[in-house]
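J.: Mind having a look at this structure? Questions to follow.
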Amino acid sequence: MAGRRIILRGGTLLCLDGRRTIRRTDVLVDDGVIAAIGGVDAPGAEVVQVSGLVMPGLVQAHLQLDLSLQGPGFVAASDPAVRRRQDAAWRGGMDEHGARISAQAGLSAALSAGAITVADPSSVRFGPSALAAARAVGSRLVLFVDAAKKDAFEALVVAREGVAADGADPTVSLALWGGAAERTPRGRLRAAARLAAQEGVPLVVTLGAAPGLGRGLERLERAGALGPQTVLVHAHGASLATPRARARVKAAGAAVVVTPSHEILTGAPPAPVAELLAEAIPVGLGSVGGAARLGMDLFAEARLAARLLRGKVAAPASLALEMAARFGADGLKVPTGVLEVGRRADLIVLALEPDPQDDHEAVAAKVLDSGGPELLRALYVQGVPRLGEHGSRRAPAPDVVAEVRGRLVEATRPAAGRASWTEVVRAPLRQGRGWHRLPWG
């Protein structure tokens, strides 16, 4: 449909643009971009009748596609040291075939739950597999390059060439992966920040995912790596607990991505989401992988985020949905996530009709209460429909998924036990340095 003009007619728009208005009107899509909203007069345009609620496509701002098959048969440890062992064993059993199946299954599940855009840090290792899977499924992908390597610039050039191999692909964008703010050498962080600024791509780092008690933010500042290109993932524990830390993030113009179900899974204290949003810091949402049993459903993550906001902000449901769409897109510098003229026409249609008396917050609350794959009726990526009647048509075959998952689960069994005595001794030290609380304490 590239180059064609399409009018989506008959839907009720939930734009998630911060204005908190609801409109029953038309949307004109021209060459994959939202060209007009309301008062559409476009002779010759194809008219598509829609029924229900029209929203921007959601943004999975942190989904490690090589972990997307961690579901049935996989028991994740809540102790972070054991979990790190598990993930290392899982990835050690991964090959290119498994990475392609895992990526395709994860993207398909995310797309079927309304997430059009997925940012995949694991693509630093399995980039070609993630790219092939995204093209097969038809979703938008943020592809990562490992900024910790000395040849990061060359790797970025190679990634761009791979994206453009079959012609310029506007559904794929690039980002740099900087690793853990507490552990990556400052010299590497400094070089990564320079490259991100030079090439105009986001620099994504984890914050609070390793012991440090606030040391990660300080290290980023000293390396000159805390700026408008920076995206801080997780931000749990003590990493942004103080007003001064949040003020530093705001002054730098950085963005944050939180992963609510992952924090519950690992016993990590949640990020101060309400306080971050009060400072006008964009906070996106991600699912990390499949271990939390939420099926990469970003509506479910938004429901958890709304619980963190209830009683602290005036419109928790509206803000949670904006986290799942606009804020994640803005942090990752992706031109989507909101219904407004000039943005990419990444749209979803839910089988939900608002009552005439409902205000924006009431409609958002209904979306959170019932939103998910079962309500998704249509999905457009740059104006191109991507769903069949029962979800993505390009999910890998169930028997292939089961074979790959079974092999990876077996690979993790030796690493899935209780923490060793050494780790038990170290756990209070980790907790004292601002990391996770003890799962058995």
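Following the order of the structure tokens, first chain is A, next is B, and so on, with residues numbered from 1 inside each chain and ligands from 1 in the order they appear.
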I need the residues of region 227-326 of chain A that end up classed as alpha helix (DSSP H) by DSSP on the backbone, written out as a PyMOL selection string.
T.: chain A and resi 243-252+260-266+273-278+298-309+316-322
J.: Determine, counting only C-alpha atoms, which protein, DNA and RNA residues have an atom within 10 Å of an atom of region 18-34 of chain A; residues of the same chain fewer than 6 positions away are not included. Present the result as an NGL selection string.
T.: :A and (1-12 or 40-42 or 45-50 or 52-54 or 170 or 315 or 318-319 or 322 or 326 or 335-336 or 338-347 or 354 or 358-361 or 363-364 or 380-384)
J.: For the selection you just gave me, I'd like the residues written to a file as a PDB file, in the first residue's frame, keeping C-alpha atoms.
T.:
```pdb
ATOM      1  CA  MET A   1       0.000   0.000   0.000  1.00  0.00           C
ATOM      2  CA  ALA A   2       3.027   2.301  -0.052  1.00  0.00           C
ATOM      3  CA  GLY A   3       2.221   5.464  -2.012  1.00  0.00           C
ATOM      4  CA  ARG A   4      -1.554   4.949  -1.661  1.00  0.00           C
ATOM      5  CA  ARG A   5      -4.044   7.126   0.164  1.00  0.00           C
ATOM      6  CA  ILE A   6      -6.359   5.461   2.680  1.00  0.00           C
ATOM      7  CA  ILE A   7      -9.145   6.884   4.813  1.00  0.00           C
ATOM      8  CA  LEU A   8     -10.003   5.030   8.023  1.00  0.00           C
ATOM      9  CA  ARG A   9     -13.614   5.976   8.634  1.00  0.00           C
ATOM     10  CA  GLY A  10     -16.046   5.368  11.481  1.00  0.00           C
ATOM     11  CA  GLY A  11     -13.704   4.835  14.430  1.00  0.00           C
ATOM     12  CA  THR A  12     -13.360   6.626  17.750  1.00  0.00           C
ATOM     13  CA  VAL A  40     -10.826  14.593   5.481  1.00  0.00           C
ATOM     14  CA  ASP A  41     -11.442  15.416   1.830  1.00  0.00           C
ATOM     15  CA  ALA A  42      -9.298  13.189  -0.351  1.00  0.00           C
ATOM     16  CA  ALA A  45      -8.534   7.710  -1.603  1.00  0.00           C
ATOM     17  CA  GLU A  46      -9.477   4.176  -0.583  1.00  0.00           C
ATOM     18  CA  VAL A  47     -12.061   4.230   2.225  1.00  0.00           C
ATOM     19  CA  VAL A  48     -11.759   1.564   4.939  1.00  0.00           C
ATOM     20  CA  GLN A  49     -14.679   1.333   7.368  1.00  0.00           C
ATOM     21  CA  VAL A  50     -13.564   0.619  10.913  1.00  0.00           C
ATOM     22  CA  GLY A  52     -14.287   0.442  17.474  1.00  0.00           C
ATOM     23  CA  LEU A  53     -11.473   2.346  19.117  1.00  0.00           C
ATOM     24  CA  VAL A  54      -8.540   3.516  16.974  1.00  0.00           C
ATOM     25  CA  PRO A 170      11.569   2.737   7.057  1.00  0.00           C
ATOM     26  CA  ALA A 315      -5.065  10.122  35.306  1.00  0.00           C
ATOM     27  CA  SER A 318      -4.240   7.563  30.478  1.00  0.00           C
ATOM     28  CA  LEU A 319      -0.609   7.905  31.568  1.00  0.00           C
ATOM     29  CA  GLU A 322       0.925   6.888  26.962  1.00  0.00           C
ATOM     30  CA  ARG A 326       4.133   7.768  22.904  1.00  0.00           C
ATOM     31  CA  PRO A 335       8.256   8.525  14.626  1.00  0.00           C
ATOM     32  CA  THR A 336       5.229   6.615  15.897  1.00  0.00           C
ATOM     33  CA  VAL A 338       0.729   8.816  18.821  1.00  0.00           C
ATOM     34  CA  LEU A 339      -2.071   9.737  16.424  1.00  0.00           C
ATOM     35  CA  GLU A 340      -1.017  13.081  15.021  1.00  0.00           C
ATOM     36  CA  VAL A 341      -0.286  14.508  11.601  1.00  0.00           C
ATOM     37  CA  GLY A 342       3.219  13.692  10.411  1.00  0.00           C
ATOM     38  CA  ARG A 343       3.671  10.517  12.470  1.00  0.00           C
ATOM     39  CA  ARG A 344       3.910   7.079  10.904  1.00  0.00           C
ATOM     40  CA  ALA A 345       0.516   5.457  10.430  1.00  0.00           C
ATOM     41  CA  ASP A 346       1.051   2.652  12.949  1.00  0.00           C
ATOM     42  CA  LEU A 347      -2.498   2.085  14.179  1.00  0.00           C
ATOM     43  CA  PRO A 354     -16.838   4.088  24.447  1.00  0.00           C
ATOM     44  CA  ASP A 358     -17.011   8.575  29.034  1.00  0.00           C
ATOM     45  CA  ASP A 359     -14.124  10.987  29.331  1.00  0.00           C
ATOM     46  CA  HIS A 360     -10.572  10.131  28.261  1.00  0.00           C
ATOM     47  CA  GLU A 361      -9.601   8.553  31.581  1.00  0.00           C
ATOM     48  CA  VAL A 363     -11.997   5.105  28.114  1.00  0.00           C
ATOM     49  CA  ALA A 364      -8.342   4.497  28.975  1.00  0.00           C
ATOM     50  CA  TYR A 380      -1.776  -1.170  10.387  1.00  0.00           C
ATOM     51  CA  VAL A 381       1.971  -0.696  10.024  1.00  0.00           C
ATOM     52  CA  GLN A 382       2.502   2.450   7.969  1.00  0.00           C
ATOM     53  CA  GLY A 383      -1.038   2.019   6.712  1.00  0.00           C
ATOM     54  CA  VAL A 384      -0.477  -1.605   5.692  1.00  0.00           C
TER      55      VAL A 384
END
```
J.: I'd like a table as CSV: residues in region 187-229 of chain A with an atom no more than 12 Å from region 139-149 of chain A, each row giving the shortest atom pair and its distance in Å to one decimal, only C-alpha atoms counted, sorted by chain and rising residue number.
T.:
```
residue,atom,partner,partner_atom,distance
A:Gly187,CA,A:Ala148,CA,9.3
A:Arg188,CA,A:Ala148,CA,5.6
A:Leu189,CA,A:Ala148,CA,7.3
A:Arg190,CA,A:Ala148,CA,10.0
A:Ala191,CA,A:Ala147,CA,8.0
A:Ala192,CA,A:Ala147,CA,5.4
A:Ala193,CA,A:Ala147,CA,8.8
A:Arg194,CA,A:Ala147,CA,10.4
A:Leu195,CA,A:Ala147,CA,8.4
A:Ala196,CA,A:Ala147,CA,9.0
A:Val201,CA,A:Phe144,CA,9.9
A:Pro202,CA,A:Phe144,CA,9.5
A:Leu203,CA,A:Ala147,CA,8.3
A:Val204,CA,A:Phe144,CA,9.0
A:Val205,CA,A:Ala147,CA,10.0
A:Ala225,CA,A:Ala147,CA,11.8
```
J.: Using DSSP secondary structure from the backbone, list all strand (DSSP E or B) positions within region 60-286 of chain A, as a VMD selection string.
T.: chain A and resid 60 63 115 to 120 140 to 146 165 167 172 to 180 203 to 207 230 to 234 255 to 258 283 to 285
J.: Nearest to Ala132 (chain A): which of A:Gln64, A:Glu96, A:Val59, A:Pro72 is it, counting only C-alpha atoms?
T.: A:Glu96
J.: Distance CA of Asp17 (chain A)-CA of Ala317 (chain A), one decimal place?
T.: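 If I compute the distance from CA of Asp17 (chain A) to CA of Ala317 (chain A), I get 13.9 Å.
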